[in-house]
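Pasting query.csv here (CSV, C-alpha atoms):
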chain,number,residue,atom,x,y,z
A,662,MET,CA,-0.2,18.9,-15.0
A,663,SER,CA,-1.5,17.1,-12.0
A,664,ASP,CA,0.2,16.7,-8.6
A,665,LEU,CA,2.4,13.9,-7.4
A,666,ILE,CA,0.7,10.8,-6.1
A,667,ILE,CA,2.8,8.0,-4.5
A,668,THR,CA,1.4,4.6,-4.0
A,669,ILE,CA,3.4,2.1,-1.8
A,670,GLY,CA,2.7,-1.6,-2.0
A,671,ARG,CA,4.7,-3.6,0.5
A,672,GLU,CA,5.5,-7.0,1.9
A,673,ASN,CA,4.6,-7.3,5.6
A,674,GLY,CA,7.5,-6.3,7.8
A,675,SER,CA,9.5,-4.6,5.0
A,676,GLY,CA,9.1,-1.1,6.3
A,677,GLY,CA,6.8,0.3,3.6
A,678,ARG,CA,4.4,2.0,6.0
A,679,GLU,CA,7.4,3.7,7.7
A,680,ILE,CA,8.8,4.8,4.3
A,681,GLY,CA,5.5,6.4,3.5
A,682,ARG,CA,5.6,8.4,6.8
A,683,ILE,CA,9.2,9.4,6.2
A,684,LEU,CA,8.4,10.5,2.6
A,685,SER,CA,5.3,12.4,3.9
A,686,GLN,CA,7.6,14.4,6.2
A,687,MET,CA,10.4,14.9,3.6
A,688,LEU,CA,7.9,16.1,0.9
A,689,SER,CA,5.4,17.8,3.2
A,690,ILE,CA,2.5,15.9,1.7
A,691,PRO,CA,-0.1,13.8,3.5
A,692,CYS,CA,0.2,10.0,3.8
A,693,TYR,CA,-3.0,7.9,3.9
A,694,ASP,CA,-3.1,4.4,5.4
A,695,ARG,CA,-5.3,3.8,8.5
A,696,GLU,CA,-7.2,7.0,7.6
A,697,ILE,CA,-8.8,5.2,4.7
A,698,ILE,CA,-10.1,2.5,7.0
A,699,GLU,CA,-11.6,5.0,9.3
A,700,VAL,CA,-13.4,6.9,6.5
A,701,THR,CA,-14.6,3.6,5.0
A,702,ALA,CA,-16.0,2.6,8.4
A,703,ASP,CA,-17.9,5.9,8.6
A,704,ARG,CA,-19.3,5.5,5.1
A,705,THR,CA,-20.3,1.8,5.4
A,706,GLY,CA,-21.4,1.8,9.0
A,707,LEU,CA,-18.9,-0.9,10.0
A,708,THR,CA,-16.4,-0.5,12.8
A,709,ALA,CA,-12.8,0.3,11.7
A,710,ASP,CA,-11.7,-3.1,13.1
A,711,LYS,CA,-14.3,-4.9,11.0
A,712,VAL,CA,-13.2,-3.0,7.8
A,713,GLU,CA,-9.6,-3.9,8.5
A,714,GLU,CA,-10.5,-7.5,9.1
A,715,LYS,CA,-12.5,-7.8,5.9
A,716,GLU,CA,-10.1,-5.9,3.7
A,717,GLU,CA,-7.6,-8.6,2.8
A,718,SER,CA,-9.4,-11.7,3.7
A,719,ASP,CA,-13.0,-11.2,2.4
A,720,GLY,CA,-14.4,-12.5,-0.8
A,721,ASN,CA,-13.6,-15.0,-3.5
A,722,PRO,CA,-10.0,-14.7,-4.8
A,723,HIS,CA,-11.2,-15.6,-8.3
A,724,ALA,CA,-13.9,-12.9,-8.4
A,725,PHE,CA,-11.9,-10.4,-10.6
A,726,PHE,CA,-14.1,-8.7,-13.0
A,727,TRP,CA,-12.8,-5.6,-14.8
A,728,GLY,CA,-10.8,-4.7,-11.7
A,729,ILE,CA,-13.7,-4.2,-9.3
A,730,PRO,CA,-16.0,-7.0,-8.4
A,731,PRO,CA,-19.5,-5.5,-8.2
A,732,SER,CA,-20.3,-7.7,-5.1
A,733,ASN,CA,-17.9,-5.9,-2.8
A,734,PRO,CA,-19.2,-2.4,-1.9
A,735,MET,CA,-16.4,-1.9,0.7
A,736,PHE,CA,-13.7,-2.1,-2.1
A,737,ILE,CA,-15.8,0.3,-4.2
A,738,THR,CA,-16.1,2.7,-1.3
A,739,GLN,CA,-12.4,2.6,-0.5
A,740,SER,CA,-11.6,3.2,-4.2
A,741,GLU,CA,-13.9,6.3,-4.2
A,742,ILE,CA,-12.2,7.5,-1.1
A,743,ILE,CA,-8.7,7.0,-2.6
A,744,ARG,CA,-9.7,8.8,-5.8
A,745,ASP,CA,-11.3,11.7,-3.8
A,746,LEU,CA,-8.1,12.2,-1.7
A,747,ALA,CA,-5.9,12.0,-4.8
A,748,SER,CA,-8.0,14.7,-6.4
A,749,ASN,CA,-7.2,17.1,-3.6
A,750,GLY,CA,-3.5,17.4,-4.2
A,751,PRO,CA,-0.2,15.6,-3.7
A,752,CYS,CA,-0.3,12.6,-1.4
A,753,ILE,CA,0.9,9.1,-0.5
A,754,PHE,CA,-1.2,6.0,-0.2
A,755,ILE,CA,-0.1,2.8,1.6
A,756,GLY,CA,-1.5,-0.4,0.1
A,757,ARG,CA,-5.2,-0.9,-0.8
A,758,CYS,CA,-4.5,-1.4,-4.5
A,759,ALA,CA,-4.1,2.4,-4.8
A,760,ASP,CA,-1.7,1.9,-7.7
A,761,PHE,CA,-4.5,0.2,-9.6
A,762,VAL,CA,-7.3,2.4,-8.4
A,763,LEU,CA,-5.4,5.5,-9.5
A,764,ARG,CA,-4.2,4.0,-12.8
A,765,ASP,CA,-5.9,6.7,-14.8
A,766,PHE,CA,-4.4,9.6,-12.8
A,767,ASP,CA,-1.4,11.4,-14.1
A,768,ASN,CA,1.9,11.6,-12.1
A,769,VAL,CA,1.3,8.4,-10.0
A,770,VAL,CA,4.6,7.0,-8.9
A,771,LYS,CA,4.1,3.3,-8.0
A,772,ILE,CA,6.5,1.8,-5.4
A,773,PHE,CA,6.8,-1.7,-4.1
A,774,VAL,CA,8.8,-2.3,-0.9
A,775,HIS,CA,10.2,-5.7,-0.1
A,776,ALA,CA,13.0,-7.3,2.0
A,777,PRO,CA,14.4,-10.7,2.7
A,778,PHE,CA,12.2,-12.9,5.0
A,779,PRO,CA,14.7,-12.9,8.0
A,780,ASP,CA,14.9,-9.1,7.9
A,781,ARG,CA,11.1,-8.8,7.9
A,782,VAL,CA,10.8,-11.3,10.8
A,783,LYS,CA,13.3,-9.3,12.8
A,784,ARG,CA,11.6,-6.0,12.1
A,785,LEU,CA,8.1,-7.3,12.9
A,786,SER,CA,9.2,-9.1,16.0
A,787,SER,CA,10.9,-6.0,17.3
A,788,ARG,CA,8.2,-3.6,16.3
A,789,ASN,CA,5.4,-5.6,17.8
A,790,ASN,CA,7.3,-7.2,20.7
A,791,ILE,CA,6.4,-10.7,19.6
A,792,PRO,CA,8.4,-13.9,19.3
A,793,CYS,CA,10.0,-14.6,15.9
A,794,GLU,CA,7.9,-17.6,15.4
A,795,ASP,CA,4.7,-15.5,15.7
A,796,ALA,CA,6.2,-12.9,13.4
A,797,GLU,CA,7.0,-15.6,10.8
A,798,LYS,CA,3.4,-16.8,10.9
A,799,ARG,CA,1.9,-13.3,10.7
A,800,ILE,CA,4.2,-12.3,7.7
A,801,THR,CA,3.3,-15.5,5.8
A,802,THR,CA,-0.4,-15.0,6.5
A,803,LYS,CA,-0.5,-11.2,5.6
A,804,ASP,CA,1.6,-11.7,2.5
A,805,TYR,CA,-0.8,-14.4,1.3
A,806,GLU,CA,-3.8,-12.2,2.1
A,807,ARG,CA,-2.3,-9.2,0.3
A,808,ALA,CA,-1.4,-11.2,-2.8
A,809,GLY,CA,-5.0,-12.6,-2.9
A,810,TYR,CA,-6.5,-9.2,-2.3
A,811,TYR,CA,-4.4,-7.6,-5.1
A,812,LYS,CA,-5.2,-10.4,-7.5
A,813,ARG,CA,-8.9,-10.3,-6.7
A,814,TYR,CA,-9.3,-6.6,-7.3
A,815,THR,CA,-6.7,-5.9,-10.0
A,816,GLY,CA,-6.3,-9.1,-11.9
A,817,MET,CA,-2.5,-8.6,-11.6
A,818,THR,CA,0.3,-10.2,-9.6
A,819,TRP,CA,1.2,-8.4,-6.3
A,820,GLY,CA,4.9,-7.5,-6.1
A,821,TYR,CA,5.6,-8.2,-9.8
A,822,ALA,CA,8.2,-5.6,-10.7
A,823,PRO,CA,6.7,-4.5,-14.1
A,824,ASN,CA,3.6,-3.3,-12.3
A,825,TYR,CA,5.6,-0.7,-10.4
A,826,ASP,CA,7.8,2.2,-11.3
A,827,LEU,CA,10.3,1.3,-8.6
A,828,SER,CA,10.8,-1.9,-6.5
A,829,ILE,CA,13.1,-1.4,-3.6
A,830,ASP,CA,14.7,-3.8,-1.1
A,831,THR,CA,15.0,-2.4,2.4
A,832,GLY,CA,17.0,-5.4,3.7
A,833,ARG,CA,20.4,-3.9,2.8
A,834,ILE,CA,19.8,-0.2,2.9
A,835,GLY,CA,17.0,0.3,5.6
A,836,VAL,CA,13.9,2.5,5.4
A,837,GLN,CA,15.5,5.9,5.6
A,838,ASN,CA,17.9,5.2,2.7
A,839,ALA,CA,15.0,3.7,0.8
A,840,ALA,CA,12.9,6.9,1.3
A,841,ASN,CA,15.9,8.9,0.1
A,842,ILE,CA,16.2,6.9,-3.0
A,843,ILE,CA,12.4,7.2,-3.7
A,844,SER,CA,12.6,11.0,-3.1
A,845,GLU,CA,15.5,11.2,-5.6
A,846,TYR,CA,13.7,9.1,-8.1
A,847,ILE,CA,10.7,11.5,-7.8
A,848,ARG,CA,13.0,14.5,-8.2
A,849,MET,CA,14.4,13.0,-11.4
A,850,THR,CA,10.9,12.6,-12.9
A,851,GLY,CA,10.3,16.3,-12.6
A,852,ILE,CA,6.8,15.8,-11.1
A,853,ARG,CA,5.8,18.7,-9.0
A,854,PHE,CA,4.5,18.3,-5.4

Write out the structure in this file as structure tokens.
Amino acid sequence: MSDLIITIGRENGSGGREIGRILSQMLSIPCYDREIIEVTADRTGLTADKVEEKEESDGNPHAFFWGIPPSNPMFITQSEIIRDLASNGPCIFIGRCADFVLRDFDNVVKIFVHAPFPDRVKRLSSRNNIPCEDAEKRITTKDYERAGYYKRYTGMTWGYAPNYDLSIDTGRIGVQNAANIISEYIRMTGIRF
């Protein structure tokens, strides 16, 4: 039996990254997000900022070919990094199509975090200390980029509930309660971590 792996896809401003960090503390397992960007930068020779910039906006959105377009070495590199980290024991991945990249691994629990648009605007505005109008634009842009990125590399629809084990709305319950529900769901699966 292999170890628990949690993947968290999320709408911008829904609290998915925060849920990943909370689960990491609750379960005492590592959570990988920005770390993947840094390792990718090291392996590709790009700066971390350049990797992040290219991640969700680079490439042709219709380039899907068996899940990995051969023309994008950065995605291939990130996929290798994700698989390597997942092979080392229980962990959590935030975004980066990790649910798809790890589709052949046992004990992957795929989560999607979403929230009503006004809640996301409020969260992003508060977290980044920016006007609500700027938060609205950023959310709209990031969600569009994430949906395109996911479609480009997986051939599937981002946020489509059947692609995930659990889809959770943080609007009514908040991130801590969402993390508690995810933890309980994992406990009920019987997967070790």

Interatomic distance (Å, one decimal) between CA of Gly820 in chain A and CA of Asp760 in chain A: 11.6 Å

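Take the candidates A:Ile667, A:Cys793, A:Ile852, A:Leu763 and check each one against Pro691 in chain A using all atoms listed in the file; the shortest distance goes to A:Ile667.
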
For range 745-754 of chain A, list every protein, DNA or RNA residue within 10 Å, evaluated using all atoms listed in the file, and leave out those in the same chain fewer than 5 positions away; present the list as a VMD selection string. chain A and resid 663 to 670 678 681 to 682 684 to 685 688 to 697 739 to 740 759 to 760 763 766 768 to 771 853 to 854

Any chance you could export the current selection's C-alpha atoms as a PDB file, in the frame of the given file?
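Dumped to part-v6.pdb:
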ATOM      1  CA  SER A 663      -1.500  17.100 -12.000  1.00  0.00           C
ATOM      2  CA  ASP A 664       0.200  16.700  -8.600  1.00  0.00           C
ATOM      3  CA  LEU A 665       2.400  13.900  -7.400  1.00  0.00           C
ATOM      4  CA  ILE A 666       0.700  10.800  -6.100  1.00  0.00           C
ATOM      5  CA  ILE A 667       2.800   8.000  -4.500  1.00  0.00           C
ATOM      6  CA  THR A 668       1.400   4.600  -4.000  1.00  0.00           C
ATOM      7  CA  ILE A 669       3.400   2.100  -1.800  1.00  0.00           C
ATOM      8  CA  GLY A 670       2.700  -1.600  -2.000  1.00  0.00           C
ATOM      9  CA  ARG A 678       4.400   2.000   6.000  1.00  0.00           C
ATOM     10  CA  GLY A 681       5.500   6.400   3.500  1.00  0.00           C
ATOM     11  CA  ARG A 682       5.600   8.400   6.800  1.00  0.00           C
ATOM     12  CA  LEU A 684       8.400  10.500   2.600  1.00  0.00           C
ATOM     13  CA  SER A 685       5.300  12.400   3.900  1.00  0.00           C
ATOM     14  CA  LEU A 688       7.900  16.100   0.900  1.00  0.00           C
ATOM     15  CA  SER A 689       5.400  17.800   3.200  1.00  0.00           C
ATOM     16  CA  ILE A 690       2.500  15.900   1.700  1.00  0.00           C
ATOM     17  CA  PRO A 691      -0.100  13.800   3.500  1.00  0.00           C
ATOM     18  CA  CYS A 692       0.200  10.000   3.800  1.00  0.00           C
ATOM     19  CA  TYR A 693      -3.000   7.900   3.900  1.00  0.00           C
ATOM     20  CA  ASP A 694      -3.100   4.400   5.400  1.00  0.00           C
ATOM     21  CA  ARG A 695      -5.300   3.800   8.500  1.00  0.00           C
ATOM     22  CA  GLU A 696      -7.200   7.000   7.600  1.00  0.00           C
ATOM     23  CA  ILE A 697      -8.800   5.200   4.700  1.00  0.00           C
ATOM     24  CA  GLN A 739     -12.400   2.600  -0.500  1.00  0.00           C
ATOM     25  CA  SER A 740     -11.600   3.200  -4.200  1.00  0.00           C
ATOM     26  CA  ALA A 759      -4.100   2.400  -4.800  1.00  0.00           C
ATOM     27  CA  ASP A 760      -1.700   1.900  -7.700  1.00  0.00           C
ATOM     28  CA  LEU A 763      -5.400   5.500  -9.500  1.00  0.00           C
ATOM     29  CA  PHE A 766      -4.400   9.600 -12.800  1.00  0.00           C
ATOM     30  CA  ASN A 768       1.900  11.600 -12.100  1.00  0.00           C
ATOM     31  CA  VAL A 769       1.300   8.400 -10.000  1.00  0.00           C
ATOM     32  CA  VAL A 770       4.600   7.000  -8.900  1.00  0.00           C
ATOM     33  CA  LYS A 771       4.100   3.300  -8.000  1.00  0.00           C
ATOM     34  CA  ARG A 853       5.800  18.700  -9.000  1.00  0.00           C
ATOM     35  CA  PHE A 854       4.500  18.300  -5.400  1.00  0.00           C
TER      36      PHE A 854
END

Between A:Asp780, A:Ile737, A:Arg744, A:Leu707, which residue has the minimum interatomic distance to Gly835 in chain A, considering all atoms listed in the file? A:Asp780

Taking into account all atoms listed in the file, which residue in the set A:Phe761, A:Lys803, A:Glu672, A:Ile742 is nearest to Glu714 in chain A?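 When distances to Glu714 in chain A are compared using all atoms listed in the file, the smallest one comes from A:Lys803.
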
Of the listed residues A:Asn673, A:Asn824, A:Asn838, A:Thr815, that which approaches Glu797 in chain A most closely, counting only C-alpha atoms: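 Closest to Glu797 in chain A of all the choices is A:Asn673.
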
Å distance separating CA of Glu806 in chain A from CA of Thr818 in chain A, one decimal place: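 Between these atoms lies a distance of 12.6 Å.
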
I'd like the contact shell of Phe778 in chain A - 10 Å cut-off, only C-alpha atoms, skipping same-chain residues fewer than 5 positions apart - returned as number ranges by chain. A: 672-675, 783-784, 797, 800-801, 832

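Interatomic distance, CA of Ala709 in chain A to CA of Pro734 in chain A: 15.3 Å.
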
Across A:Ile847, A:Val782, A:Ile772, A:Ile834, the smallest distance to Trp819 in chain A, with only C-alpha atoms counted, is shown by A:Ile772

Please identify all polymer residues within 8 Å of Ser786 in chain A, counting only C-alpha atoms, omitting same-chain residues fewer than 5 positions from it, and present them as a PDB file with C-alpha atoms, keeping the file's coordinate frame.
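Writing done, so here's part-v4.pdb:
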ATOM      1  CA  ILE A 791       6.400 -10.700  19.600  1.00  0.00           C
ATOM      2  CA  PRO A 792       8.400 -13.900  19.300  1.00  0.00           C
ATOM      3  CA  CYS A 793      10.000 -14.600  15.900  1.00  0.00           C
ATOM      4  CA  ASP A 795       4.700 -15.500  15.700  1.00  0.00           C
ATOM      5  CA  ALA A 796       6.200 -12.900  13.400  1.00  0.00           C
TER       6      ALA A 796
END
